[in-house]
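Have a look at target.cif below; it lists mmCIF, N, CA and C atoms and all ligand atoms.
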data_final
#
loop_
_atom_site.label_atom_id
_atom_site.label_comp_id
_atom_site.auth_asym_id
_atom_site.auth_seq_id
_atom_site.Cartn_x
_atom_site.Cartn_y
_atom_site.Cartn_z
N MET H 1 45.33 27.54 102.24
CA MET H 1 45.51 28.94 102.68
C MET H 1 46.63 29.61 101.88
N GLN H 2 46.35 30.81 101.51
CA GLN H 2 47.32 31.51 100.66
C GLN H 2 48.06 32.60 101.43
N LEU H 3 49.28 32.80 101.07
CA LEU H 3 50.04 33.90 101.67
C LEU H 3 49.47 35.23 101.18
N GLU H 4 49.48 36.18 102.07
CA GLU H 4 48.99 37.50 101.69
C GLU H 4 49.83 38.08 100.56
N GLY H 5 49.17 38.32 99.44
CA GLY H 5 49.89 38.89 98.29
C GLY H 5 50.75 37.87 97.57
N GLY H 6 50.93 36.70 98.16
CA GLY H 6 51.69 35.65 97.49
C GLY H 6 53.19 35.86 97.51
N ILE H 7 53.66 36.87 98.23
CA ILE H 7 55.11 37.12 98.28
C ILE H 7 55.60 36.93 99.71
N PRO H 8 56.65 36.14 99.89
CA PRO H 8 57.20 35.98 101.24
C PRO H 8 57.55 37.33 101.86
N VAL H 9 57.38 37.42 103.18
CA VAL H 9 57.62 38.68 103.87
C VAL H 9 59.04 39.19 103.64
N GLU H 10 60.00 38.27 103.70
CA GLU H 10 61.39 38.68 103.52
C GLU H 10 61.60 39.42 102.21
N GLU H 11 60.93 38.90 101.19
CA GLU H 11 61.08 39.51 99.88
C GLU H 11 60.46 40.90 99.85
N ARG H 12 59.32 41.00 100.53
CA ARG H 12 58.67 42.32 100.57
C ARG H 12 59.54 43.31 101.32
N LEU H 13 60.17 42.84 102.38
CA LEU H 13 61.06 43.72 103.14
C LEU H 13 62.24 44.15 102.29
N ALA H 14 62.79 43.19 101.58
CA ALA H 14 63.93 43.51 100.73
C ALA H 14 63.54 44.55 99.69
N LYS H 15 62.35 44.39 99.15
CA LYS H 15 61.90 45.37 98.16
C LYS H 15 61.72 46.74 98.78
N ALA H 16 61.16 46.74 99.99
CA ALA H 16 60.96 48.01 100.66
C ALA H 16 62.30 48.68 100.94
N GLN H 17 63.29 47.86 101.27
CA GLN H 17 64.60 48.44 101.56
C GLN H 17 65.26 48.97 100.30
N ASP H 18 65.00 48.30 99.19
CA ASP H 18 65.47 48.81 97.91
C ASP H 18 64.92 50.20 97.66
N ARG H 19 63.64 50.32 97.95
CA ARG H 19 63.01 51.63 97.74
C ARG H 19 63.62 52.65 98.66
N CYS H 20 63.94 52.23 99.89
CA CYS H 20 64.56 53.15 100.84
C CYS H 20 65.85 53.70 100.26
N LYS H 21 66.61 52.81 99.64
CA LYS H 21 67.90 53.22 99.09
C LYS H 21 67.73 54.20 97.95
N SER H 22 66.78 53.88 97.07
CA SER H 22 66.60 54.73 95.90
C SER H 22 65.91 56.03 96.27
N ALA H 23 65.15 55.99 97.36
CA ALA H 23 64.44 57.20 97.77
C ALA H 23 65.42 58.23 98.31
N ASP H 24 64.94 59.44 98.32
CA ASP H 24 65.77 60.56 98.71
C ASP H 24 65.77 60.73 100.21
N LEU H 25 66.24 59.71 100.91
CA LEU H 25 66.17 59.74 102.37
C LEU H 25 67.37 59.03 102.98
N PRO H 26 67.49 59.12 104.32
CA PRO H 26 68.64 58.46 104.94
C PRO H 26 68.79 57.03 104.45
N SER H 27 70.00 56.63 104.13
CA SER H 27 70.22 55.28 103.62
C SER H 27 70.12 54.27 104.75
N LYS H 28 70.39 54.74 105.98
CA LYS H 28 70.25 53.84 107.12
C LYS H 28 68.81 53.87 107.57
N SER H 29 68.07 52.83 107.28
CA SER H 29 66.68 52.80 107.71
C SER H 29 66.23 51.38 107.95
N MET H 30 65.19 51.28 108.74
CA MET H 30 64.64 49.96 109.07
C MET H 30 63.14 50.01 108.97
N MET H 31 62.55 48.89 108.66
CA MET H 31 61.10 48.85 108.61
C MET H 31 60.58 47.68 109.43
N VAL H 32 59.51 47.94 110.18
CA VAL H 32 58.85 46.87 110.92
C VAL H 32 57.41 46.81 110.43
N ALA H 33 56.99 45.65 110.01
CA ALA H 33 55.61 45.48 109.56
C ALA H 33 54.87 44.60 110.56
N GLN H 34 53.73 45.10 110.99
CA GLN H 34 52.96 44.33 111.95
C GLN H 34 51.48 44.47 111.62
N GLY H 35 50.84 43.37 111.31
CA GLY H 35 49.45 43.42 110.89
C GLY H 35 49.36 44.28 109.64
N GLY H 36 48.48 45.26 109.67
CA GLY H 36 48.36 46.15 108.50
C GLY H 36 49.11 47.45 108.71
N ALA H 37 49.98 47.48 109.72
CA ALA H 37 50.66 48.73 110.04
C ALA H 37 52.17 48.61 109.82
N PHE H 38 52.78 49.73 109.48
CA PHE H 38 54.21 49.76 109.21
C PHE H 38 54.86 50.84 110.05
N GLN H 39 56.05 50.54 110.47
CA GLN H 39 56.79 51.52 111.25
C GLN H 39 58.20 51.60 110.68
N PHE H 40 58.66 52.81 110.44
CA PHE H 40 59.98 52.99 109.84
C PHE H 40 60.89 53.72 110.81
N THR H 41 62.14 53.32 110.80
CA THR H 41 63.13 54.05 111.59
C THR H 41 64.22 54.52 110.64
N PHE H 42 64.51 55.80 110.70
CA PHE H 42 65.59 56.37 109.89
C PHE H 42 66.71 56.81 110.81
N TYR H 43 67.94 56.65 110.34
CA TYR H 43 69.08 57.01 111.17
C TYR H 43 69.91 58.10 110.53
N CYS H 44 70.41 58.96 111.39
CA CYS H 44 71.38 59.96 110.97
C CYS H 44 72.60 59.22 110.41
N GLU H 45 73.18 59.74 109.34
CA GLU H 45 74.30 59.03 108.72
C GLU H 45 75.64 59.34 109.39
N LEU H 46 75.61 60.20 110.39
CA LEU H 46 76.85 60.51 111.11
C LEU H 46 76.83 59.99 112.54
N CYS H 47 75.69 59.55 113.01
CA CYS H 47 75.62 58.96 114.34
C CYS H 47 74.49 57.95 114.34
N ASP H 48 74.21 57.37 115.49
CA ASP H 48 73.19 56.34 115.52
C ASP H 48 71.86 56.86 116.03
N SER H 49 71.72 58.17 116.10
CA SER H 49 70.44 58.67 116.58
C SER H 49 69.41 58.48 115.48
N GLY H 50 68.32 57.85 115.87
CA GLY H 50 67.32 57.53 114.88
C GLY H 50 65.99 58.17 115.19
N CYS H 51 65.14 58.20 114.22
CA CYS H 51 63.79 58.69 114.41
C CYS H 51 62.84 57.60 113.92
N THR H 52 61.95 57.18 114.80
CA THR H 52 60.98 56.16 114.44
C THR H 52 59.64 56.83 114.20
N THR H 53 59.07 56.55 113.07
CA THR H 53 57.77 57.14 112.74
C THR H 53 56.69 56.46 113.58
N PRO H 54 55.58 57.16 113.77
CA PRO H 54 54.46 56.46 114.41
C PRO H 54 54.05 55.30 113.52
N SER H 55 53.38 54.34 114.10
CA SER H 55 52.89 53.20 113.35
C SER H 55 51.89 53.68 112.30
N ILE H 56 52.16 53.33 111.05
CA ILE H 56 51.34 53.83 109.95
C ILE H 56 50.47 52.71 109.39
N ALA H 57 49.17 52.92 109.46
CA ALA H 57 48.26 51.92 108.88
C ALA H 57 48.06 52.27 107.41
N ALA H 58 48.39 51.33 106.56
CA ALA H 58 48.29 51.60 105.12
C ALA H 58 48.00 50.33 104.37
N GLU H 59 47.54 50.51 103.14
CA GLU H 59 47.21 49.37 102.29
C GLU H 59 48.46 48.57 101.96
N GLY H 60 49.54 49.26 101.72
CA GLY H 60 50.76 48.57 101.31
C GLY H 60 52.00 49.27 101.78
N VAL H 61 53.13 48.64 101.56
CA VAL H 61 54.41 49.19 102.00
C VAL H 61 54.67 50.55 101.35
N GLN H 62 54.41 50.64 100.06
CA GLN H 62 54.71 51.88 99.35
C GLN H 62 53.95 53.06 99.93
N GLU H 63 52.67 52.84 100.19
CA GLU H 63 51.85 53.92 100.75
C GLU H 63 52.37 54.32 102.13
N ALA H 64 52.69 53.31 102.93
CA ALA H 64 53.20 53.58 104.27
C ALA H 64 54.52 54.32 104.19
N PHE H 65 55.36 53.91 103.26
CA PHE H 65 56.68 54.53 103.14
C PHE H 65 56.56 55.99 102.71
N ASN H 66 55.60 56.26 101.83
CA ASN H 66 55.39 57.65 101.41
C ASN H 66 55.07 58.53 102.61
N GLN H 67 54.23 58.00 103.50
CA GLN H 67 53.88 58.76 104.70
C GLN H 67 55.09 58.89 105.62
N ALA H 68 55.84 57.80 105.72
CA ALA H 68 57.02 57.81 106.58
C ALA H 68 58.02 58.86 106.10
N GLN H 69 58.12 59.03 104.80
CA GLN H 69 59.05 60.02 104.24
C GLN H 69 58.71 61.42 104.72
N GLN H 70 57.40 61.72 104.73
CA GLN H 70 56.99 63.05 105.19
C GLN H 70 57.46 63.26 106.63
N GLU H 71 57.27 62.23 107.46
CA GLU H 71 57.69 62.31 108.85
C GLU H 71 59.20 62.54 108.95
N ALA H 72 59.94 61.70 108.23
CA ALA H 72 61.40 61.72 108.35
C ALA H 72 61.98 63.06 107.91
N ARG H 73 61.37 63.69 106.93
CA ARG H 73 61.88 64.96 106.45
C ARG H 73 61.86 66.03 107.54
N ARG H 74 60.97 65.84 108.52
CA ARG H 74 60.91 66.84 109.59
C ARG H 74 62.06 66.67 110.57
N TYR H 75 62.65 65.48 110.59
CA TYR H 75 63.69 65.21 111.58
C TYR H 75 65.09 65.24 110.99
N PHE H 76 65.17 65.12 109.67
CA PHE H 76 66.50 65.04 109.08
C PHE H 76 66.76 66.18 108.11
N ASN H 77 68.02 66.43 107.92
CA ASN H 77 68.45 67.50 107.03
C ASN H 77 69.42 66.93 106.02
N ARG H 78 69.38 67.45 104.82
CA ARG H 78 70.25 66.92 103.80
C ARG H 78 71.42 67.86 103.56
N CYS H 79 72.60 67.29 103.65
CA CYS H 79 73.81 68.07 103.38
C CYS H 79 73.88 68.37 101.89
N HIS H 80 74.09 69.64 101.56
CA HIS H 80 74.14 70.01 100.16
C HIS H 80 75.49 69.70 99.53
N HIS H 81 76.41 69.30 100.36
CA HIS H 81 77.74 69.00 99.85
C HIS H 81 77.91 67.51 99.57
N CYS H 82 77.69 66.68 100.59
CA CYS H 82 77.89 65.23 100.40
C CYS H 82 76.58 64.48 100.26
N HIS H 83 75.46 65.19 100.40
CA HIS H 83 74.11 64.62 100.20
C HIS H 83 73.73 63.58 101.24
N ARG H 84 74.44 63.57 102.37
CA ARG H 84 74.03 62.65 103.42
C ARG H 84 72.88 63.26 104.20
N TRP H 85 72.07 62.40 104.79
CA TRP H 85 70.98 62.86 105.64
C TRP H 85 71.45 62.79 107.08
N VAL H 86 71.33 63.88 107.80
CA VAL H 86 71.82 63.92 109.18
C VAL H 86 70.80 64.52 110.13
N CYS H 87 70.97 64.20 111.43
CA CYS H 87 70.09 64.75 112.44
C CYS H 87 70.41 66.23 112.66
N ASP H 88 69.56 66.92 113.42
CA ASP H 88 69.78 68.34 113.68
C ASP H 88 71.14 68.60 114.32
N GLY H 89 71.56 67.66 115.17
CA GLY H 89 72.83 67.81 115.86
C GLY H 89 74.03 67.76 114.93
N HIS H 90 73.85 67.18 113.78
CA HIS H 90 74.95 67.07 112.83
C HIS H 90 74.72 67.91 111.59
N TYR H 91 73.92 68.92 111.76
CA TYR H 91 73.60 69.76 110.61
C TYR H 91 73.97 71.20 110.90
N ASN H 92 74.69 71.78 110.00
CA ASN H 92 75.06 73.18 110.12
C ASN H 92 74.09 73.97 109.26
N GLU H 93 73.06 74.51 109.89
CA GLU H 93 71.98 75.11 109.11
C GLU H 93 72.41 76.41 108.43
N ASP H 94 73.47 77.03 108.94
CA ASP H 94 73.94 78.26 108.31
C ASP H 94 74.49 77.99 106.91
N LEU H 95 75.16 76.86 106.77
CA LEU H 95 75.75 76.55 105.47
C LEU H 95 74.99 75.45 104.73
N MET H 96 73.95 74.93 105.38
CA MET H 96 73.16 73.84 104.81
C MET H 96 74.03 72.64 104.44
N MET H 97 74.96 72.34 105.35
CA MET H 97 75.83 71.18 105.17
C MET H 97 75.91 70.42 106.49
N CYS H 98 76.31 69.15 106.38
CA CYS H 98 76.50 68.38 107.60
C CYS H 98 77.75 68.87 108.31
N THR H 99 77.88 68.54 109.60
CA THR H 99 79.02 69.05 110.34
C THR H 99 80.33 68.37 109.94
N ALA H 100 80.24 67.25 109.20
CA ALA H 100 81.46 66.63 108.68
C ALA H 100 82.04 67.48 107.56
N CYS H 101 81.17 68.12 106.81
CA CYS H 101 81.62 68.98 105.70
C CYS H 101 81.89 70.39 106.19
N ALA H 102 81.11 70.84 107.15
CA ALA H 102 81.25 72.21 107.64
C ALA H 102 81.09 72.24 109.15
N PRO H 103 82.15 71.91 109.88
CA PRO H 103 82.05 71.91 111.35
C PRO H 103 81.62 73.27 111.87
N ARG H 104 80.69 73.25 112.80
CA ARG H 104 80.16 74.51 113.33
C ARG H 104 81.25 75.35 113.97
N THR H 105 82.11 74.69 114.73
CA THR H 105 83.10 75.43 115.49
C THR H 105 84.09 76.16 114.58
N ALA H 106 84.27 75.64 113.38
CA ALA H 106 85.25 76.23 112.48
C ALA H 106 84.65 77.39 111.69
N LEU H 107 83.35 77.61 111.88
CA LEU H 107 82.72 78.72 111.17
C LEU H 107 83.38 80.02 111.58
N CYS H 108 83.63 80.82 110.60
CA CYS H 108 84.41 82.02 110.82
C CYS H 108 83.53 83.24 110.62
N ALA H 109 83.15 83.89 111.72
CA ALA H 109 82.32 85.08 111.60
C ALA H 109 83.18 86.29 111.29
N CYS H 110 82.76 87.06 110.34
CA CYS H 110 83.51 88.26 109.95
C CYS H 110 83.43 89.31 111.06
N GLN H 111 84.58 89.88 111.42
CA GLN H 111 84.63 90.89 112.47
C GLN H 111 83.93 92.18 112.04
N ARG H 112 83.98 92.47 110.75
CA ARG H 112 83.44 93.74 110.29
C ARG H 112 81.93 93.70 110.05
N CYS H 113 81.47 92.67 109.28
CA CYS H 113 80.05 92.67 108.92
C CYS H 113 79.26 91.55 109.58
N GLY H 114 79.94 90.61 110.24
CA GLY H 114 79.22 89.56 110.95
C GLY H 114 78.81 88.38 110.08
N ALA H 115 79.13 88.41 108.81
CA ALA H 115 78.78 87.31 107.92
C ALA H 115 79.52 86.05 108.33
N LYS H 116 78.86 84.91 108.15
CA LYS H 116 79.52 83.65 108.49
C LYS H 116 80.17 83.08 107.23
N ASN H 117 81.42 82.78 107.37
CA ASN H 117 82.17 82.28 106.22
C ASN H 117 82.55 80.81 106.40
N ALA H 118 82.73 80.14 105.30
CA ALA H 118 83.08 78.72 105.34
C ALA H 118 84.39 78.53 106.08
N PRO H 119 84.55 77.34 106.71
CA PRO H 119 85.80 77.05 107.43
C PRO H 119 86.99 77.22 106.49
N GLY H 120 88.01 77.86 106.99
CA GLY H 120 89.23 78.00 106.20
C GLY H 120 89.23 79.20 105.27
N ALA H 121 88.10 79.91 105.21
CA ALA H 121 88.06 81.09 104.34
C ALA H 121 89.02 82.15 104.87
N ARG H 122 89.72 82.84 103.96
CA ARG H 122 90.69 83.83 104.42
C ARG H 122 90.12 85.24 104.35
N PHE H 123 89.17 85.40 103.44
CA PHE H 123 88.54 86.72 103.32
C PHE H 123 87.02 86.58 103.35
N CYS H 124 86.35 87.54 103.93
CA CYS H 124 84.89 87.51 104.02
C CYS H 124 84.28 87.55 102.62
N VAL H 125 83.31 86.66 102.39
CA VAL H 125 82.68 86.63 101.07
C VAL H 125 81.77 87.82 100.85
N ILE H 126 81.35 88.45 101.93
CA ILE H 126 80.42 89.58 101.81
C ILE H 126 81.17 90.91 101.64
N CYS H 127 82.08 91.20 102.58
CA CYS H 127 82.71 92.53 102.54
C CYS H 127 84.18 92.47 102.18
N GLY H 128 84.76 91.28 102.10
CA GLY H 128 86.14 91.18 101.65
C GLY H 128 87.17 91.42 102.74
N ALA H 129 86.70 91.62 103.99
CA ALA H 129 87.64 91.86 105.08
C ALA H 129 88.45 90.59 105.36
N ARG H 130 89.67 90.79 105.88
CA ARG H 130 90.49 89.65 106.21
C ARG H 130 89.93 88.93 107.43
N LEU H 131 89.89 87.60 107.38
CA LEU H 131 89.33 86.84 108.50
C LEU H 131 90.43 86.25 109.38
N GLY H 132 90.04 85.94 110.61
CA GLY H 132 90.94 85.20 111.46
C GLY H 132 91.62 86.12 112.43
ZN ZN A 201 73.59 62.71 114.02
ZN ZN A 202 78.20 66.70 104.19
ZN ZN A 203 82.51 90.74 106.24
#
I'd like the structure from this file rewritten - as structure tokens, please.
Amino acid sequence: MQLEGGIPVEERLAKAQDRCKSADLPSKSMMVAQGGAFQFTFYCELCDSGCTTPSIAAEGVQEAFNQAQQEARRYFNRCHHCHRWVCDGHYNEDLMMCTACAPRTALCACQRCGAKNAPGARFCVICGARLG
């Protein structure tokens, strides 16, 4: 009797995890393979809240992972500053940054024009009014 594909499961998992790292997705991720189906869990890089994809039936790990990526993109956001992938709760959508880079509470709304300015900004980027 031959092993499926001839590669030990551990090795296949390691390879899949390598791909996870190189892929443009949360670095914290897990994969569960069962029968011909794969299930991936991705984690926010600022907390432990994770998103588990539905069980994906696919020919191989790569195909399953491609589908999992589509799923994960709906749940995670990429910080444009530090490039970490974070959950909605840790994402400041106004600045397109994670809350570690741009805490929501520190956002400074301009009194004159209402524009939202980066934390610590002294003058409004839109109208130049003094902030704070
Ligand atoms: Zn989070
Ligand atoms: Zn960030
Ligand atoms: Zn302003």
Kindly provide the residues of chain H that approach ligand ZN 201 (chain A) to within 9 Å, each paired with its closest atom pair and their distance in Å to one decimal, based on only C-alpha atoms and all ligand atoms, listed by chain and increasing number, as CSV.
residue,atom,partner,partner_atom,distance
H:Tyr43,CA,A:ZN201,ZN,7.8
H:Cys44,CA,A:ZN201,ZN,4.7
H:Glu45,CA,A:ZN201,ZN,6.5
H:Leu46,CA,A:ZN201,ZN,4.9
H:Cys47,CA,A:ZN201,ZN,4.3
H:Asp48,CA,A:ZN201,ZN,6.6
H:Ser49,CA,A:ZN201,ZN,5.7
H:Gly50,CA,A:ZN201,ZN,8.2
H:Phe76,CA,A:ZN201,ZN,8.9
H:Trp85,CA,A:ZN201,ZN,8.8
H:Val86,CA,A:ZN201,ZN,5.3
H:Cys87,CA,A:ZN201,ZN,4.3
H:Asp88,CA,A:ZN201,ZN,6.8
H:Gly89,CA,A:ZN201,ZN,5.5
H:His90,CA,A:ZN201,ZN,4.7
H:Tyr91,CA,A:ZN201,ZN,7.8
Closest contacts (chain H/ligand ZN 203 (chain A), max 5 Å, all atoms listed in the file) as a Markdown table:
| residue | atom | partner | partner_atom | distance |
| --- | --- | --- | --- | --- |
| H:Cys110 | CA | A:ZN203 | ZN | 4.6 |
| H:Arg112 | C | A:ZN203 | ZN | 4.9 |
| H:Cys113 | N | A:ZN203 | ZN | 3.7 |
| H:Gly114 | N | A:ZN203 | ZN | 4.8 |
| H:Ala115 | N | A:ZN203 | ZN | 4.8 |
| H:Cys124 | CA | A:ZN203 | ZN | 4.6 |
| H:Ile126 | C | A:ZN203 | ZN | 4.8 |
| H:Cys127 | N | A:ZN203 | ZN | 3.7 |
| H:Gly128 | N | A:ZN203 | ZN | 4.7 |
| H:Ala129 | N | A:ZN203 | ZN | 4.8 |
Could the residues that lie within 7 Å of ligand ZN 202 (chain A), counting all atoms listed in the file, be listed as a list in words?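 Written in the requested form, the residues are Arg78, Cys79, His80, His81, Cys82, His83, Arg84, Met97, Cys98, Thr99, Ala100, Cys101 and Ala102 of chain H.
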Find the spatial neighbours of Leu131 (chain H), counting only C-alpha atoms, within a cut-off of 8 Å - ignore same-chain residues fewer than 4 positions away - and output them as a list in words. Cys108, Ala109, Cys110, Gln111, Ala121, Arg122, Phe123 and Cys124 of chain H
For the atom pair CA of Glu93 (chain H) and CA of Phe40 (chain H), what is the interatomic distance in Å to one decimal place? 25.2 Å
Suppose you want the space between atom N of Ala58 (chain H) and atom C of Ala37 (chain H); what is it in Å?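 Separation between atom N of Ala58 (chain H) and atom C of Ala37 (chain H): 5.7 Å.
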What's the separation between CA of Ala33 (chain H) and CA of Tyr75 (chain H), in Å to one decimal place? 21.4 Å
With distances taken over only N, CA and C atoms, which of H:Pro54, H:Gly60, H:Pro103, H:Gly36 is nearest to Pro119 (chain H)?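 Ranked by minimum distance to Pro119 (chain H), first place goes to H:Pro103.
Only residues having an atom at most 9 Å from (56.3, 50.6, 104.4) are included; using only C-alpha atoms, these are Leu13, Ala16, Met31, Val32, Ala33, Ala37, Phe38, Gln39, Phe40, Ile56, Ala58, Gly60, Val61, Gln62, Glu63, Ala64, Phe65, Asn66, Gln67 and Ala68 of chain H.
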As a ChimeraX atom specification, please: all residues of region 9-132 of chain H that backbone DSSP puts in alpha helix (DSSP H). /H:9-22,61-75
Taking the backbone alone, and naming residues the way the document does, which bits of region 18-79 of chain H are strand (DSSP E or B) by DSSP, as a PyMOL selection string? chain H and resi 29-34+37-43+50-52+56-57+77-78
